[in-house]
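> Provided herewith is a single structure, encoded as structure tokens, for subsequent inquiry.
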Amino acid sequence: MASLSLKNLNKIYDNNVQAVFDFNLDVEDGELIVLVGPSGCGKSTTLRMVAGLEDITTGQLIIDGKDVTRMPPKDRDIAMVFQNYALYAHMTVYENMAFSLTLRKENPLVIHEKVMAAAEILGLTDQLNKKPRQLSGGQRQRVAMGRAIVRKPKVFLFDEPLSNLDAKLRGATRREILLLHKRLGATMLYVTHDQTEALTLADRIVCMSMGYVQQVGTPLELYDNPANVFVASFIGLPPMNFFDATVGEDKLTLEGGVNVPLTDSERESLSAYAGKTVTLGVRPENIELGEDAQLVVTNCENLGYNTLVHGHINGHKTTAKLRGWFEYKQGDVVGVSFARKHFFDKKTTNAIR
Ligand SMILES: Nc1ncnc2c1ncn2[C@@H]1O[C@H](COP(=O)(O)OP(=O)(O)OP(=O)(O)O)[C@@H](O)[C@H]1O
Ligand SMILES: [Mg+2]
């Protein structure tokens, strides 16, 4: 396995589109890094530069201390698993998994051992004589992973490997990848646009927008201390609510005149913003029954243990996730408080700490 260092990576495509700006990341041996962000933010481009499938325009890629920036893909000792498994239809599962080793003309006995070991790890032992079309989507995805495992690469790259699976299978396969990661102790870079996958899989998340890294940190760091409005709105589901709020002596005044009290530590962190307008962020799960503001209900969604209450506070669209079962009707007014507040500079959108 290997450590990985991406230094000031930039990618400008032939049509002069710059897809990635100044990407910096040090990946430790055995770490599982998830690149997350909306469509077109540069996740696949970054992964493909690591794989060697795209030229690195400027910057440096180091694998295990060795500069591989201009090295062809086949010499980088990296395995990539794609969204569309790209299995050979005319080959059996066994042949698909053995393919890269056969190509390398490895000893057939060694190949057999490696394929059987990978099949065991992935629960594919009974499927080895089948053709890909005889398998479910989840099984095909596992064969694609098996093909990567047999090569014992230094680094595994995954580009949205679960997006062709239905929701239930996605959850199960996600847990399998996590177990696989633990079992192999492998260094992995994993791309997804799904914040849930990022939170549940990652040792560290890299959150991207429009070609730029917005924040790097553990799932908890990104959830609890998002660096800016983009990360705050992207991580967490349902997304964080945002309000314009003017900072007063000991309270915030939301647009439209609702006053929300500030704790001592909140006042302290806002001391440089007295009299100014900031962006207040409140997660739906941090809204509880109380007396700070009035939530006018549009509709409710009962999730069993929780209820999502959609509506508005002074005309501002707001979603609350209340613990318990509530059956509010349209037009009901619910008193709420904000148990945890996030503050952002209105101009820079950066978090105020
Ligand atoms: N071969 C190419 N030539 C020119 N521009 C490209 C090429 N491939 C990607 N792009 C552009 O680069 C940007 C980043 O694309 P990329 O595929 O890395 O995004 P992504 O984050 O993987 O998105 P998605 O979630 O949709 O897969 C986009 O604006 C895209 O249009
Ligand atoms: Mg992509």
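Labeling convention for the structure tokens: chains A, B, ... as they appear, residues from 1 per chain, ligands from 1 in order of appearance.
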At a cut-off of 9 Å, using only C-alpha atoms, what residues contact A:Val333? Leave out same-chain residues fewer than 3 positions from it and give the result as a ChimeraX atom specification.

/A:294-297,328,330

> Compile the contact shell of A:Asp77 as a PyMOL selection string: residues with an atom at most 12 Å away, counting only C-alpha atoms, same-chain residues fewer than 2 positions apart removed.

chain A and resi 1-2+50-52+63-64+68+71-75+79-80+148-149+151-157+187

> Find the residues around stretch 303-306 of chain A up to 10 Å (only C-alpha atoms counted), leave out those fewer than 5 positions away in its own chain, and share them as a PDB file with C-alpha atoms, in the first residue's frame.


```
ATOM      1  CA  GLU A 285     -32.069  18.807  13.392  1.00  0.00           C
ATOM      2  CA  ALA A 320     -37.206  21.623  10.978  1.00  0.00           C
ATOM      3  CA  LYS A 321     -36.504  18.013  11.929  1.00  0.00           C
ATOM      4  CA  LEU A 322     -38.337  17.529  15.199  1.00  0.00           C
ATOM      5  CA  ARG A 323     -37.844  14.479  17.376  1.00  0.00           C
ATOM      6  CA  GLY A 324     -41.153  12.648  17.673  1.00  0.00           C
ATOM      7  CA  TRP A 325     -44.368  12.295  15.707  1.00  0.00           C
ATOM      8  CA  PHE A 326     -46.210  15.536  14.884  1.00  0.00           C
TER       9      PHE A 326
END
```

> Write out as an MDAnalysis selection string the residues lying within 6 Å of A:Asn286, counting only C-alpha atoms and excluding same-chain residues fewer than 4 positions away.

chainID A and resid 338:340

> For N, CA and C atoms, I'd like the residues from the last selection saved as a JSON list (two decimals), in the first residue's frame.


```
[["chain", "number", "residue", "atom", "x", "y", "z"],
["A", 338, "PHE", "N", -33.48, 27.72, 18.23],
["A", 338, "PHE", "CA", -32.33, 27.21, 17.50],
["A", 338, "PHE", "C", -31.31, 26.69, 18.52],
["A", 339, "ALA", "N", -31.12, 25.36, 18.58],
["A", 339, "ALA", "CA", -30.25, 24.78, 19.59],
["A", 339, "ALA", "C", -28.78, 24.99, 19.26],
["A", 340, "ARG", "N", -28.47, 25.12, 17.98],
["A", 340, "ARG", "CA", -27.07, 25.34, 17.58],
["A", 340, "ARG", "C", -27.10, 26.23, 16.36]]
```

> Residues within 9 Å of A:Gly123, please, as a VMD selection string. Count only C-alpha atoms; anything in the same chain fewer than 5 positions from it doesn't count.

chain A and resid 118 139 142

> Limited to N, CA and C atoms, could you put the picked residues into a file as a JSON list (two decimals), in the first residue's frame?


```json
[["chain", "number", "residue", "atom", "x", "y", "z"],
["A", 118, "ALA", "N", -9.69, -13.48, -3.62],
["A", 118, "ALA", "CA", -10.53, -12.29, -3.82],
["A", 118, "ALA", "C", -12.01, -12.68, -3.84],
["A", 139, "GLN", "N", -23.67, -7.75, -7.60],
["A", 139, "GLN", "CA", -22.65, -8.79, -7.82],
["A", 139, "GLN", "C", -21.66, -8.33, -8.89],
["A", 142, "ARG", "N", -19.19, -6.12, -7.48],
["A", 142, "ARG", "CA", -18.20, -6.85, -6.69],
["A", 142, "ARG", "C", -17.15, -7.52, -7.58]]
```

> Using only C-alpha atoms and all ligand atoms, what table do you get, as a Markdown table, when you list each residue of chain A with an atom no more than 12 Å from ligand 1, its nearest pair of atoms, and their distance in Å rounded to one decimal, rows by chain then rising number?


```
| residue | atom | partner | partner_atom_place_in_ligand_line | distance |
| --- | --- | --- | --- | --- |
| A:Asn10 | CA | ligand 1 | 12 (O) | 11.5 |
| A:Lys11 | CA | ligand 1 | 12 (O) | 8.6 |
| A:Ile12 | CA | ligand 1 | 5 (N) | 8.0 |
| A:Tyr13 | CA | ligand 1 | 4 (C) | 4.9 |
| A:Asp14 | CA | ligand 1 | 3 (N) | 6.4 |
| A:Asn15 | CA | ligand 1 | 4 (C) | 5.9 |
| A:Asn16 | CA | ligand 1 | 4 (C) | 7.7 |
| A:Val17 | CA | ligand 1 | 5 (N) | 5.7 |
| A:Gln18 | CA | ligand 1 | 12 (O) | 6.8 |
| A:Ala19 | CA | ligand 1 | 12 (O) | 4.2 |
| A:Val20 | CA | ligand 1 | 14 (C) | 7.2 |
| A:Phe21 | CA | ligand 1 | 14 (C) | 10.7 |
| A:Leu35 | CA | ligand 1 | 21 (O) | 8.8 |
| A:Val36 | CA | ligand 1 | 21 (O) | 7.9 |
| A:Gly37 | CA | ligand 1 | 21 (O) | 6.4 |
| A:Pro38 | CA | ligand 1 | 25 (O) | 5.7 |
| A:Ser39 | CA | ligand 1 | 25 (O) | 3.4 |
| A:Gly40 | CA | ligand 1 | 19 (O) | 3.4 |
| A:Cys41 | CA | ligand 1 | 21 (O) | 4.0 |
| A:Gly42 | CA | ligand 1 | 18 (O) | 3.2 |
| A:Lys43 | CA | ligand 1 | 21 (O) | 3.8 |
| A:Ser44 | CA | ligand 1 | 22 (O) | 3.6 |
| A:Thr45 | CA | ligand 1 | 18 (O) | 3.6 |
| A:Thr46 | CA | ligand 1 | 18 (O) | 6.5 |
| A:Leu47 | CA | ligand 1 | 18 (O) | 8.1 |
| A:Arg48 | CA | ligand 1 | 18 (O) | 8.3 |
| A:Met49 | CA | ligand 1 | 18 (O) | 9.8 |
| A:Leu53 | CA | ligand 1 | 1 (N) | 10.5 |
| A:Glu54 | CA | ligand 1 | 1 (N) | 8.5 |
| A:Asp55 | CA | ligand 1 | 1 (N) | 10.7 |
| A:Phe82 | CA | ligand 1 | 27 (O) | 10.9 |
| A:Gln83 | CA | ligand 1 | 27 (O) | 9.8 |
| A:Phe158 | CA | ligand 1 | 22 (O) | 11.4 |
| A:Asp159 | CA | ligand 1 | 22 (O) | 8.0 |
| A:Glu160 | CA | ligand 1 | 27 (O) | 7.8 |
| A:Pro161 | CA | ligand 1 | 27 (O) | 11.3 |
| A:Ser163 | CA | ligand 1 | 25 (O) | 10.4 |
| A:Tyr190 | CA | ligand 1 | 22 (O) | 11.2 |
| A:Val191 | CA | ligand 1 | 22 (O) | 7.7 |
| A:Thr192 | CA | ligand 1 | 25 (O) | 6.9 |
| A:His193 | CA | ligand 1 | 25 (O) | 5.6 |
| A:Asp194 | CA | ligand 1 | 25 (O) | 9.3 |
| A:Gln195 | CA | ligand 1 | 25 (O) | 12.0 |
| A:Val206 | CA | ligand 1 | 21 (O) | 11.9 |
| A:Cys207 | CA | ligand 1 | 21 (O) | 10.5 |
| A:Met208 | CA | ligand 1 | 21 (O) | 8.1 |
| A:Ser209 | CA | ligand 1 | 21 (O) | 8.3 |
| A:Met210 | CA | ligand 1 | 14 (C) | 7.7 |
| A:Gly211 | CA | ligand 1 | 14 (C) | 6.9 |
| A:Tyr212 | CA | ligand 1 | 14 (C) | 10.6 |
| A:Val213 | CA | ligand 1 | 21 (O) | 11.5 |
```
